[in-house]
$ cat protein_3.cif   # mmCIF, C-alpha atoms and all ligand atoms
data_final
loop_
_atom_site.label_atom_id
_atom_site.label_comp_id
_atom_site.auth_asym_id
_atom_site.auth_seq_id
_atom_site.Cartn_x
_atom_site.Cartn_y
_atom_site.Cartn_z
CA MET A 1 -25.51 -19.36 -15.39
CA PRO A 2 -25.45 -20.12 -11.67
CA THR A 3 -22.37 -21.94 -10.50
CA SER A 4 -23.08 -25.35 -9.03
CA PRO A 5 -22.27 -25.58 -5.30
CA ARG A 6 -18.77 -26.71 -4.41
CA SER A 7 -17.24 -27.20 -1.07
CA PHE A 8 -14.04 -25.55 0.15
CA ASP A 9 -12.12 -25.33 3.41
CA VAL A 10 -11.77 -21.57 3.15
CA ALA A 11 -13.58 -18.95 1.07
CA ILE A 12 -12.06 -15.51 0.68
CA VAL A 13 -14.18 -12.56 -0.39
CA GLY A 14 -12.07 -10.01 -2.27
CA ALA A 15 -9.18 -10.54 -4.68
CA GLY A 16 -7.18 -7.44 -3.72
CA ILE A 17 -3.84 -7.88 -1.98
CA CYS A 18 -5.56 -8.54 1.35
CA GLY A 19 -7.70 -11.37 -0.06
CA LEU A 20 -4.81 -12.83 -2.07
CA ALA A 21 -2.58 -12.79 1.01
CA HIS A 22 -5.21 -14.73 2.93
CA ALA A 23 -5.58 -17.16 0.05
CA LEU A 24 -1.81 -17.77 0.09
CA ALA A 25 -1.68 -18.26 3.87
CA ALA A 26 -4.63 -20.68 3.74
CA ALA A 27 -3.28 -22.62 0.75
CA GLN A 28 0.11 -22.95 2.42
CA ARG A 29 -1.71 -24.66 5.29
CA GLY A 30 -3.00 -27.19 2.79
CA LYS A 31 -6.55 -25.78 2.67
CA ARG A 32 -8.78 -25.92 -0.40
CA VAL A 33 -9.37 -22.25 -1.14
CA VAL A 34 -11.82 -20.26 -3.24
CA VAL A 35 -11.47 -16.50 -3.85
CA VAL A 36 -14.59 -14.62 -4.93
CA ASP A 37 -14.59 -11.09 -6.39
CA ARG A 38 -17.18 -8.95 -8.11
CA ASP A 39 -14.74 -7.64 -10.71
CA ARG A 40 -13.31 -9.44 -13.71
CA GLN A 41 -9.79 -8.40 -12.72
CA ALA A 42 -8.37 -6.54 -9.75
CA ASN A 43 -9.46 -2.94 -10.00
CA GLY A 44 -9.34 -1.52 -6.47
CA ALA A 45 -6.69 0.04 -4.26
CA SER A 46 -4.37 -2.91 -4.77
CA ILE A 47 -3.60 -2.03 -8.39
CA ARG A 48 -3.80 1.75 -7.95
CA ASN A 49 -1.01 2.09 -5.40
CA PHE A 50 2.76 2.49 -5.74
CA GLY A 51 3.46 -1.20 -5.19
CA PHE A 52 5.77 0.13 -2.55
CA VAL A 53 6.40 -2.24 0.34
CA THR A 54 7.27 0.41 2.90
CA ILE A 55 9.27 -0.42 6.01
CA ALA A 56 10.97 2.80 7.22
CA GLY A 57 8.28 5.15 8.51
CA GLN A 58 5.71 2.51 9.42
CA GLN A 59 4.28 2.77 12.91
CA ALA A 60 6.65 1.26 15.46
CA GLY A 61 5.82 -2.18 16.81
CA GLU A 62 3.23 -4.40 15.14
CA CYS A 63 2.98 -2.52 11.83
CA TRP A 64 6.75 -2.29 11.34
CA ARG A 65 7.13 -5.98 12.21
CA ARG A 66 4.35 -6.94 9.79
CA ALA A 67 5.92 -4.86 7.04
CA ARG A 68 9.25 -6.62 7.43
CA ARG A 69 7.64 -10.05 7.36
CA SER A 70 5.44 -9.11 4.39
CA ARG A 71 8.47 -7.80 2.50
CA ASP A 72 10.06 -11.23 2.88
CA VAL A 73 6.91 -12.97 1.63
CA TRP A 74 6.66 -10.50 -1.28
CA ALA A 75 10.26 -11.34 -2.21
CA GLU A 76 9.51 -15.09 -2.18
CA VAL A 77 6.26 -14.73 -4.13
CA ALA A 78 7.82 -12.33 -6.63
CA GLU A 79 10.58 -14.79 -7.40
CA ALA A 80 8.26 -17.77 -7.65
CA ALA A 81 5.63 -15.93 -9.71
CA GLY A 82 8.07 -14.12 -12.01
CA ILE A 83 7.19 -10.66 -10.71
CA PRO A 84 10.03 -8.19 -11.30
CA VAL A 85 11.22 -6.28 -8.23
CA LEU A 86 11.78 -2.91 -9.86
CA GLN A 87 13.37 -0.99 -7.02
CA ARG A 88 15.03 -1.74 -3.71
CA GLY A 89 15.47 0.74 -0.90
CA LEU A 90 14.16 4.18 -0.07
CA LEU A 91 15.77 7.62 -0.06
CA VAL A 92 13.98 10.07 2.25
CA ILE A 93 15.13 13.57 1.35
CA ALA A 94 15.34 16.17 4.13
CA ARG A 95 14.89 19.53 2.43
CA ARG A 96 14.97 21.37 5.75
CA PRO A 97 17.11 21.11 8.91
CA GLU A 98 13.92 20.27 10.86
CA ALA A 99 13.41 17.26 8.57
CA ARG A 100 17.00 16.17 9.04
CA ALA A 101 16.44 16.30 12.82
CA VAL A 102 13.51 13.88 12.37
CA LEU A 103 15.68 11.51 10.37
CA GLU A 104 18.41 11.68 13.01
CA GLN A 105 15.91 10.77 15.73
CA PHE A 106 14.54 7.96 13.55
CA LEU A 107 18.05 6.54 13.13
CA ALA A 108 18.40 6.38 16.90
CA THR A 109 15.36 4.07 17.18
CA ASP A 110 15.36 0.31 16.63
CA MET A 111 13.70 0.94 13.25
CA GLY A 112 16.79 2.85 12.11
CA ALA A 113 18.86 -0.35 12.09
CA GLU A 114 20.73 -0.77 8.79
CA CYS A 115 19.46 2.65 7.61
CA ARG A 116 21.95 5.50 7.28
CA LEU A 117 22.11 9.27 7.18
CA VAL A 118 23.40 10.58 3.86
CA GLU A 119 25.13 13.95 3.66
CA PRO A 120 24.09 16.23 0.77
CA ARG A 121 27.42 15.77 -1.04
CA ASP A 122 26.94 11.98 -1.00
CA ILE A 123 23.29 11.87 -2.16
CA GLN A 124 24.33 11.65 -5.81
CA THR A 125 25.93 8.27 -5.12
CA TYR A 126 22.34 6.95 -4.95
CA GLY A 127 21.52 8.40 -8.37
CA THR A 128 21.58 11.70 -10.21
CA GLY A 129 18.70 14.03 -10.98
CA LEU A 130 18.05 15.32 -7.46
CA ARG A 131 18.59 18.87 -6.22
CA SER A 132 21.10 17.37 -3.79
CA LYS A 133 23.01 20.55 -2.96
CA SER A 134 19.92 22.29 -1.65
CA PHE A 135 19.05 19.48 0.80
CA ALA A 136 19.89 19.22 4.48
CA GLY A 137 20.56 15.50 4.15
CA ALA A 138 18.74 12.25 3.49
CA LEU A 139 18.04 8.85 4.97
CA PHE A 140 18.70 5.70 3.00
CA SER A 141 16.77 2.60 4.00
CA PRO A 142 17.77 -0.69 2.32
CA HIS A 143 14.64 -2.55 3.44
CA GLU A 144 11.99 -1.62 0.88
CA ILE A 145 11.05 -3.30 -2.38
CA ARG A 146 8.77 -2.11 -5.14
CA VAL A 147 6.69 -4.01 -7.68
CA GLU A 148 4.37 -2.72 -10.42
CA SER A 149 1.02 -3.38 -8.80
CA ARG A 150 -1.11 -3.43 -11.93
CA GLU A 151 1.02 -6.32 -13.21
CA ALA A 152 2.01 -7.92 -9.92
CA ILE A 153 -1.49 -8.42 -8.48
CA PRO A 154 -2.78 -10.43 -11.48
CA ARG A 155 0.43 -12.47 -11.39
CA VAL A 156 -0.01 -13.24 -7.69
CA ALA A 157 -3.54 -14.47 -8.47
CA ALA A 158 -2.31 -16.59 -11.38
CA TYR A 159 0.45 -18.02 -9.18
CA LEU A 160 -2.08 -18.98 -6.49
CA ALA A 161 -4.21 -20.75 -9.09
CA GLU A 162 -1.28 -22.57 -10.70
CA ARG A 163 0.90 -23.39 -7.71
CA TYR A 164 -1.77 -23.94 -5.03
CA ASP A 165 -4.85 -24.81 -7.09
CA VAL A 166 -6.76 -21.88 -5.60
CA THR A 167 -10.13 -21.46 -7.33
CA PHE A 168 -11.13 -17.97 -8.49
CA ARG A 169 -14.76 -17.02 -9.01
CA ARG A 170 -14.73 -13.61 -10.70
CA GLU A 171 -17.60 -11.33 -11.73
CA THR A 172 -19.38 -12.80 -8.74
CA VAL A 173 -20.88 -10.64 -5.99
CA VAL A 174 -21.12 -12.14 -2.51
CA HIS A 175 -24.45 -11.12 -0.97
CA ALA A 176 -24.08 -13.02 2.30
CA ALA A 177 -21.12 -14.70 3.96
CA THR A 178 -21.90 -16.82 6.99
CA PRO A 179 -20.03 -20.12 7.34
CA PRO A 180 -20.55 -22.65 5.91
CA ARG A 181 -22.28 -20.73 3.07
CA LEU A 182 -21.62 -17.86 0.74
CA GLU A 183 -24.63 -16.61 -1.16
CA THR A 184 -23.39 -15.18 -4.42
CA SER A 185 -24.78 -13.76 -7.63
CA ARG A 186 -23.83 -17.12 -9.21
CA GLY A 187 -25.19 -19.39 -6.55
CA ILE A 188 -24.16 -20.94 -3.27
CA ILE A 189 -20.55 -21.72 -2.35
CA GLU A 190 -19.87 -23.88 0.68
CA ALA A 191 -16.84 -23.22 2.84
CA ALA A 192 -16.03 -24.27 6.38
CA ALA A 193 -14.35 -20.94 7.09
CA ILE A 194 -14.76 -17.52 5.47
CA VAL A 195 -12.49 -14.49 5.43
CA VAL A 196 -14.08 -11.29 4.14
CA CYS A 197 -11.51 -8.83 2.70
CA PRO A 198 -13.81 -6.22 1.13
CA GLY A 199 -11.37 -3.30 0.81
CA ASP A 200 -13.37 -0.12 1.28
CA ASP A 201 -16.80 -1.69 0.68
CA PHE A 202 -18.28 -1.35 4.17
CA LEU A 203 -21.89 -1.98 3.18
CA THR A 204 -22.35 -5.20 1.22
CA LEU A 205 -21.26 -7.75 3.83
CA HIS A 206 -21.61 -7.57 7.62
CA ALA A 207 -22.35 -3.86 7.45
CA ASP A 208 -23.60 -3.89 11.04
CA ARG A 209 -20.26 -5.23 12.32
CA ILE A 210 -18.14 -2.90 10.18
CA ALA A 211 -20.26 0.12 11.14
CA GLY A 212 -19.16 -0.32 14.73
CA TYR A 213 -15.62 0.73 13.80
CA GLY A 214 -16.53 4.21 12.50
CA LEU A 215 -14.60 3.89 9.25
CA THR A 216 -14.31 6.38 6.46
CA ARG A 217 -12.61 6.32 3.06
CA CYS A 218 -9.58 8.14 1.76
CA LYS A 219 -9.19 9.35 -1.83
CA LEU A 220 -5.70 9.74 -3.31
CA HIS A 221 -4.44 11.41 -6.51
CA MET A 222 -1.78 9.60 -8.51
CA MET A 223 0.11 10.37 -11.72
CA ARG A 224 2.51 8.72 -14.11
CA LEU A 225 5.18 11.00 -15.57
CA ALA A 226 6.98 10.31 -18.85
CA PRO A 227 10.51 8.94 -18.38
CA PRO A 228 12.84 11.68 -17.10
CA ARG A 229 16.53 11.99 -17.87
CA PHE A 230 17.86 10.97 -14.52
CA ASP A 231 19.72 8.01 -13.30
CA GLU A 232 18.03 4.63 -13.23
CA ARG A 233 19.69 3.65 -9.96
CA LEU A 234 17.56 5.90 -7.75
CA PRO A 235 15.54 4.04 -5.13
CA VAL A 236 12.03 5.19 -4.27
CA VAL A 237 12.21 8.84 -3.17
CA MET A 238 10.21 10.65 -0.48
CA SER A 239 10.64 14.08 1.16
CA ASP A 240 9.81 16.27 4.18
CA LEU A 241 6.02 16.14 3.76
CA GLY A 242 6.04 12.36 4.21
CA MET A 243 7.63 12.74 7.64
CA ILE A 244 4.51 14.32 9.10
CA ARG A 245 2.26 11.58 7.62
CA TYR A 246 4.11 8.32 8.30
CA PRO A 247 3.73 7.44 12.00
CA GLY A 248 7.29 6.08 12.28
CA TYR A 249 8.52 9.65 11.77
CA SER A 250 5.56 11.78 12.83
CA GLY A 251 5.55 10.22 16.30
CA LEU A 252 9.09 11.44 16.97
CA PRO A 253 9.51 14.63 19.07
CA ALA A 254 11.41 16.42 16.28
CA ALA A 255 8.40 16.07 13.97
CA ARG A 256 6.56 18.85 15.88
CA ALA A 257 8.96 21.55 14.68
CA LEU A 258 8.87 20.14 11.14
CA GLU A 259 5.08 20.16 11.14
CA ARG A 260 5.00 23.80 12.28
CA ARG A 261 7.38 24.82 9.52
CA LEU A 262 5.60 22.83 6.81
CA THR A 263 2.22 24.22 7.88
CA ALA A 264 3.65 27.73 7.59
CA GLU A 265 5.49 27.20 4.30
CA GLN A 266 3.37 24.57 2.51
CA GLY A 267 -0.04 25.02 4.13
CA ASP A 268 -1.96 23.96 0.99
CA HIS A 269 0.10 20.78 0.70
CA VAL A 270 -0.55 19.92 4.32
CA ALA A 271 -4.27 20.73 4.05
CA ASN A 272 -4.61 18.42 1.04
CA GLY A 273 -2.61 15.65 2.68
CA VAL A 274 0.01 15.93 -0.06
CA HIS A 275 3.33 14.21 0.29
CA LEU A 276 5.80 12.96 -2.27
CA ILE A 277 6.52 9.40 -3.29
CA VAL A 278 8.34 8.87 -6.59
CA ALA A 279 8.73 5.33 -7.88
CA ARG A 280 10.18 4.15 -11.18
CA SER A 281 8.62 1.66 -13.57
CA ALA A 282 10.24 -0.80 -15.97
CA ASP A 283 9.88 1.65 -18.89
CA SER A 284 11.54 4.36 -16.74
CA SER A 285 8.33 6.34 -16.35
CA LEU A 286 7.63 7.56 -12.82
CA ILE A 287 4.69 6.94 -10.55
CA VAL A 288 4.26 10.14 -8.53
CA GLY A 289 1.79 10.87 -5.74
CA ASP A 290 -0.11 11.50 -3.62
CA SER A 291 -2.84 13.37 -1.68
CA HIS A 292 -5.35 12.38 1.01
CA HIS A 293 -9.00 13.50 1.20
CA TYR A 294 -11.40 11.78 3.57
CA ALA A 295 -15.15 11.18 3.04
CA ALA A 296 -17.70 8.37 3.45
CA THR A 297 -18.30 8.59 -0.31
CA PRO A 298 -15.31 10.32 -1.90
CA ASP A 299 -16.31 12.37 -4.94
CA PRO A 300 -15.00 11.17 -8.32
CA PHE A 301 -13.36 14.48 -9.23
CA ALA A 302 -9.62 15.04 -9.37
CA PRO A 303 -8.88 18.77 -9.38
CA THR A 304 -5.64 19.63 -11.16
CA ALA A 305 -4.83 22.04 -8.31
CA VAL A 306 -4.12 19.00 -6.12
CA ASP A 307 -1.90 17.42 -8.78
CA ASP A 308 -0.07 20.75 -9.06
CA LEU A 309 0.76 20.61 -5.35
CA ILE A 310 2.26 17.15 -5.80
CA LEU A 311 4.23 18.34 -8.84
CA ASP A 312 5.38 21.41 -6.91
CA GLU A 313 6.98 19.17 -4.29
CA TYR A 314 8.46 17.04 -7.08
CA ALA A 315 10.06 20.18 -8.55
CA HIS A 316 11.67 21.00 -5.20
CA VAL A 317 13.25 17.57 -5.03
CA PHE A 318 14.15 16.78 -8.66
CA ALA A 319 16.26 19.01 -10.90
CA GLY A 320 14.96 20.28 -14.23
CA ASP A 321 11.39 20.49 -15.48
CA ALA A 322 8.99 17.75 -14.44
CA PRO A 323 8.33 15.40 -17.40
CA PRO A 324 4.82 15.53 -18.93
CA VAL A 325 2.01 13.76 -17.10
CA ALA A 326 1.15 10.60 -19.04
CA GLU A 327 -1.61 9.21 -16.80
CA ARG A 328 -3.74 10.36 -13.88
CA TRP A 329 -5.93 8.29 -11.62
CA THR A 330 -7.43 8.27 -8.17
CA GLY A 331 -7.78 5.46 -5.68
CA THR A 332 -9.55 4.98 -2.39
CA TYR A 333 -8.83 2.91 0.69
CA ALA A 334 -10.49 2.25 4.03
CA SER A 335 -9.41 4.55 6.83
CA ALA A 336 -9.83 4.65 10.60
CA LYS A 337 -8.68 7.22 13.11
CA ASP A 338 -7.77 4.70 15.77
CA ARG A 339 -6.30 1.68 13.96
CA LEU A 340 -4.21 0.65 10.97
CA THR A 341 -6.00 -2.68 10.51
CA LEU A 342 -9.27 -4.24 11.58
CA VAL A 343 -9.81 -7.94 12.26
CA ASP A 344 -13.36 -8.66 13.39
CA LYS A 345 -14.44 -12.14 14.58
CA PRO A 346 -18.20 -12.52 14.36
CA SER A 347 -17.87 -16.30 14.90
CA ASP A 348 -15.21 -19.01 15.19
CA ALA A 349 -15.15 -19.62 11.44
CA LEU A 350 -15.61 -16.07 10.15
CA ARG A 351 -13.17 -13.16 9.98
CA ILE A 352 -13.63 -9.69 8.52
CA VAL A 353 -10.27 -8.16 7.67
CA LEU A 354 -9.70 -4.61 6.50
CA VAL A 355 -6.52 -2.61 6.19
CA THR A 356 -7.74 0.74 7.48
CA SER A 357 -4.70 2.76 6.41
CA GLY A 358 -2.48 3.16 3.37
CA THR A 359 -0.40 0.13 4.28
CA GLY A 360 -2.11 -2.81 2.60
CA ALA A 361 0.64 -3.48 0.05
CA SER A 362 3.15 -3.44 2.90
CA ILE A 363 1.56 -5.56 5.60
CA SER A 364 -1.13 -7.85 4.15
CA PHE A 365 0.98 -11.00 3.87
CA ALA A 366 1.93 -10.93 7.56
CA LEU A 367 -1.55 -9.94 8.66
CA ALA A 368 -3.01 -12.87 6.73
CA GLU A 369 -0.61 -15.33 8.35
CA GLU A 370 -1.77 -14.11 11.76
CA VAL A 371 -5.46 -14.35 10.84
CA LEU A 372 -5.07 -17.88 9.48
CA ALA A 373 -3.07 -18.96 12.54
CA ASP A 374 -5.90 -17.68 14.72
CA LEU A 375 -8.55 -19.41 12.58
CA PHE A 376 -6.83 -22.80 12.44
CA GLY A 377 -4.43 -22.80 15.37
C1 LIG B 401 -3.38 5.54 -4.52
C2 LIG B 401 -3.00 4.58 -3.43
C3 LIG B 401 -1.67 4.49 -3.03
C4 LIG B 401 -1.30 3.58 -2.04
N1 LIG B 401 0.02 3.43 -1.73
C5 LIG B 401 0.39 2.42 -0.90
C6 LIG B 401 1.75 2.14 -0.66
O1 LIG B 401 2.66 2.82 -1.18
N2 LIG B 401 2.08 1.13 0.18
C7 LIG B 401 1.13 0.38 0.78
O2 LIG B 401 1.46 -0.52 1.54
N3 LIG B 401 -0.18 0.60 0.56
C8 LIG B 401 -0.57 1.60 -0.26
N4 LIG B 401 -1.89 1.83 -0.47
C9 LIG B 401 -2.89 1.07 0.28
C10 LIG B 401 -3.14 -0.29 -0.33
O3 LIG B 401 -3.25 -0.20 -1.72
C11 LIG B 401 -4.44 -0.84 0.29
O4 LIG B 401 -4.32 -0.87 1.71
C12 LIG B 401 -4.71 -2.27 -0.20
O5 LIG B 401 -4.62 -2.33 -1.60
C13 LIG B 401 -6.07 -2.75 0.26
O6 LIG B 401 -6.23 -4.04 -0.28
P1 LIG B 401 -7.62 -4.78 -0.20
O7 LIG B 401 -7.44 -6.10 -0.80
O8 LIG B 401 -8.13 -4.69 1.21
O9 LIG B 401 -8.64 -3.86 -1.04
P2 LIG B 401 -8.94 -3.80 -2.61
O10 LIG B 401 -7.73 -3.82 -3.42
O11 LIG B 401 -9.86 -2.63 -2.78
O12 LIG B 401 -9.73 -5.14 -2.92
C14 LIG B 401 -10.99 -5.42 -2.35
C15 LIG B 401 -11.71 -6.35 -3.31
O13 LIG B 401 -12.88 -6.84 -2.68
C16 LIG B 401 -13.89 -7.00 -3.67
N5 LIG B 401 -15.18 -7.06 -2.99
C17 LIG B 401 -15.60 -6.28 -1.95
N6 LIG B 401 -16.81 -6.66 -1.55
C18 LIG B 401 -17.19 -7.72 -2.34
C19 LIG B 401 -18.37 -8.53 -2.42
N7 LIG B 401 -19.38 -8.38 -1.56
N8 LIG B 401 -18.42 -9.50 -3.37
C20 LIG B 401 -17.37 -9.68 -4.23
N9 LIG B 401 -16.25 -8.94 -4.19
C21 LIG B 401 -16.15 -7.96 -3.26
C22 LIG B 401 -13.69 -5.79 -4.56
O14 LIG B 401 -14.24 -5.98 -5.84
C23 LIG B 401 -12.16 -5.67 -4.58
O15 LIG B 401 -11.60 -6.33 -5.68
C24 LIG B 401 -2.29 2.77 -1.43
C25 LIG B 401 -3.63 2.87 -1.83
C26 LIG B 401 -3.98 3.76 -2.83
C27 LIG B 401 -5.41 3.85 -3.26
#

$ encode --input "protein_3.cif" --output "C-alpha cells" --more "lines below"
Ligand SMILES: Cc1cc2nc3c(=O)[nH]c(=O)nc-3n(C[C@H](O)[C@H](O)[C@H](O)COP(=O)(O)OP(=O)(O)OC[C@H]3O[C@@H](n4cnc5c(N)ncnc54)[C@H](O)[C@@H]3O)c2cc1C
Amino acid sequence: MPTSPRSFDVAIVGAGICGLAHALAAAQRGKRVVVVDRDRQANGASIRNFGFVTIAGQQAGECWRRARRSRDVWAEVAEAAGIPVLQRGLLVIARRPEARAVLEQFLATDMGAECRLVEPRDIQTYGTGLRSKSFAGALFSPHEIRVESREAIPRVAAYLAERYDVTFRRETVVHAATPPRLETSRGIIEAAAIVVCPGDDFLTLHADRIAGYGLTRCKLHMMRLAPPRFDERLPVVMSDLGMIRYPGYSGLPAARALERRLTAEQGDHVANGVHLIVARSADSSLIVGDSHHYAATPDPFAPTAVDDLILDEYAHVFAGDAPPVAERWTGTYASAKDRLTLVDKPSDALRIVLVTSGTGASISFALAEEVLADLFG
C-alpha cells in the first residue's frame, strides 16, 4: 500500500550509521525527521563492522578530530539507548622493531597524547593470552570504545524513534530525492531538506553527481571465533600490518621501513590488504578481521585462503591454537583514493554524504553535526 504523503523538515535516505547520525543531529536541532531505507533492518556495512570507534591511527587533522568527537557522541548515545560498551582502549602490538619505531614516532605526535608505549614485559598487565615475550613492544591508547554493531545499530534507530520521534520508513526504496520531494516505492514524502546517505550504492540516487568522484567499493572478510581461554580484560588488539594501512601510522617516516619488511616477509598479507583487528563480544567470542579487495562490483566469494592469512597473523599475536571459526561474513564499503569522506551539495537543501573509507563507525556522528550545521546554519 502506498504511504500517504507526509511533510518533514529533513528526510534522510539510508539507515546505516551515517544516516542515523544525520537523523540524530537533525532531531537535536528540533527538526521533524524521517529516515527511509530499502531494507527491513540494517544490513549493510554498519552492522558488518567491528563496532570499533577508532581514534589512534586515524588520519591526522580532520579525521582524528571527528573520531574523537564521534566517540563522545557514541558514549552519550550508548548510555541513553542502553547499548553496552564492550571494550575500551586499543593495544597495538609491535611484533618487529620497525613497528615499534612507528609507534615511537606516533607517540611524539599530538595524536599520541594520553597513549603510552608498553614494554614487552608489561604487556600482560593489559590481559593474558598474547605472545608478549616475542614482541618488540606495544602502544596502548585509552581513547577507543567498542560496541556490538549488529545490536547497537538497531538500538540507535529505536532510540531515535522513541526519544526524538524520528519516523522510520523501512522496506522503502527512494527512486528520486530532490527537495522538497522524495519519490519512493511507497509514494511521495515531502521534506524541506534531504540528506542522502546511501553507503556504497552509487547508482540509485544522484548517480551523475557521485560518478564525478571516481569511487569504488572495498570488500572485507570477517570472522567470529569461539571464545578463547584468555583474559577478558584485553582491549581491542591490532598488530604491525595495521600500521601500514591506518594513515595516522602509515604517514610517519618510520612506516617506510616497516612496509619494506612486511612486503618481504608477509607479501600475501599485504597484497590482500590483510591486517589484524581482534575485538571481544559479550559472550567472549572474538570478532577477527580483515582484508581489503577493491572493485566496482565486488564478487560475492570469500576464499578461505584470505581467512587463513588473517588467522595466520592472529596466531603470531595470540598464544595457543586459534579457536574454531563460528561465523564468516563479508562486507563492503565505499572507497576513494583521494578522500575519506564525501559531502556533495547539489543544492541549498540537498546533501549527499558518503564515508569513502573504513571509518564510518568512527566519524559519522561528527560528520553529521557538520553537515547539519552547514544545512541550517
Ligand atoms: C567489514 C567491515 C569492517 C569495518 N570496520 C570498521 C571499523 O572498525 N571502524 C569504523 O569506523 N568503520 C569500519 N567500517 C566502515 C563502516 O562500517 C562504514 O564506513 C559505515 O558503516 C558506512 O555507513 P553508511 O551508513 O554510509 O552505509 P551502510 O551501513 O551501508 O548503510 C547505507 C544504507 O542506505 C540504504 N540505501 C541506499 N540507497 C537507498 C535508496 N535509494 N533507498 C533506500 N535505502 C537506500 C541501504 O539499504 C543501507 O541500509 C567497516 C566496514 C566493514 C564492511

$ closest_residue --input "protein_3.cif" --among "A:Val371, A:Ala226, A:Leu340, A:Leu354" --to "ligand LIG 401 (chain B)" --atoms "all atoms listed in the file"
A:Leu354

$ residues_near_ligand --input "protein_3.cif" --ligand "ligand LIG 401 (chain B)" --cutoff "6 Å" --atoms "all atoms listed in the file" --output "MDAnalysis selection string"
chainID A and resid 13:19 36:39 42:46 48:54 172:175 197:201 204:205 220 222 331:333 354:355 357:362

$ closest_residue --input "protein_3.cif" --among "A:Arg71, A:His22, A:Arg351, A:Arg339" --to "Leu160 (chain A)" --atoms "all atoms listed in the file"
A:His22

$ closest_residue --input "protein_3.cif" --among "A:Ala282, A:Ile188, A:Ala99, A:Ala56" --to "Glu114 (chain A)" --atoms "only C-alpha atoms"
A:Ala56

$ closest_residue --input "protein_3.cif" --among "A:Arg169, A:His269, A:Arg146, A:His316" --to "Ala78 (chain A)" --atoms "only C-alpha atoms"
A:Arg146

$ residues_around --input "protein_3.cif" --residues "Asp338 (chain A)" --least-positions-apart "4" --cutoff "12 Å" --atoms "all atoms listed in the file" --output "VMD selection string"
chain A and resid 213 to 216 342 356 to 357

$ atom_distance --input "protein_3.cif" --atom1 "CA of Gln105 (chain A)" --atom2 "CA of Ala366 (chain A)"
27.1 Å

$ closest_residue --input "protein_3.cif" --among "A:Leu262, A:Ala336, A:Leu86, A:Ile244" --to "Glu151 (chain A)" --atoms "all atoms listed in the file"
A:Leu86

$ atom_distance --input "protein_3.cif" --atom1 "CA of Ser250 (chain A)" --atom2 "CA of Ala21 (chain A)"
28.5 Å

$ residues_around --input "protein_3.cif" --residues "Gln124 (chain A)" --least-positions-apart "6" --cutoff "10 Å" --atoms "only C-alpha atoms" --output "PyMOL selection string"
chain A and resi 118+130-133+231+234

$ atom_distance --input "protein_3.cif" --atom1 "CA of Leu350 (chain A)" --atom2 "CA of Tyr159 (chain A)"
25.2 Å

$ residues_around --input "protein_3.cif" --residues "Asn272 (chain A)" --least-positions-apart "2" --cutoff "10 Å" --atoms "all atoms listed in the file" --output "MDAnalysis selection string"
chainID A and resid 220 267:270 274:275 290:294 306 309:310

$ closest_residue --input "protein_3.cif" --among "A:Val156, A:Phe365, A:Phe168, A:Met223" --to "Ile189 (chain A)" --atoms "all atoms listed in the file"
A:Phe168

$ residues_around --input "protein_3.cif" --residues "Ala136 (chain A)" --least-positions-apart "4" --cutoff "6 Å" --atoms "all atoms listed in the file" --output "ChimeraX atom specification"
/A:94-97

$ write_last_selection --input "protein_3.cif" --atoms "C-alpha atoms" --output "PDB file, in the coordinates of the input"
ATOM      1  CA  ALA A  94      15.340  16.170   4.130  1.00  0.00           C
ATOM      2  CA  ARG A  95      14.890  19.530   2.430  1.00  0.00           C
ATOM      3  CA  ARG A  96      14.970  21.370   5.750  1.00  0.00           C
ATOM      4  CA  PRO A  97      17.110  21.110   8.910  1.00  0.00           C
TER       5      PRO A  97
END
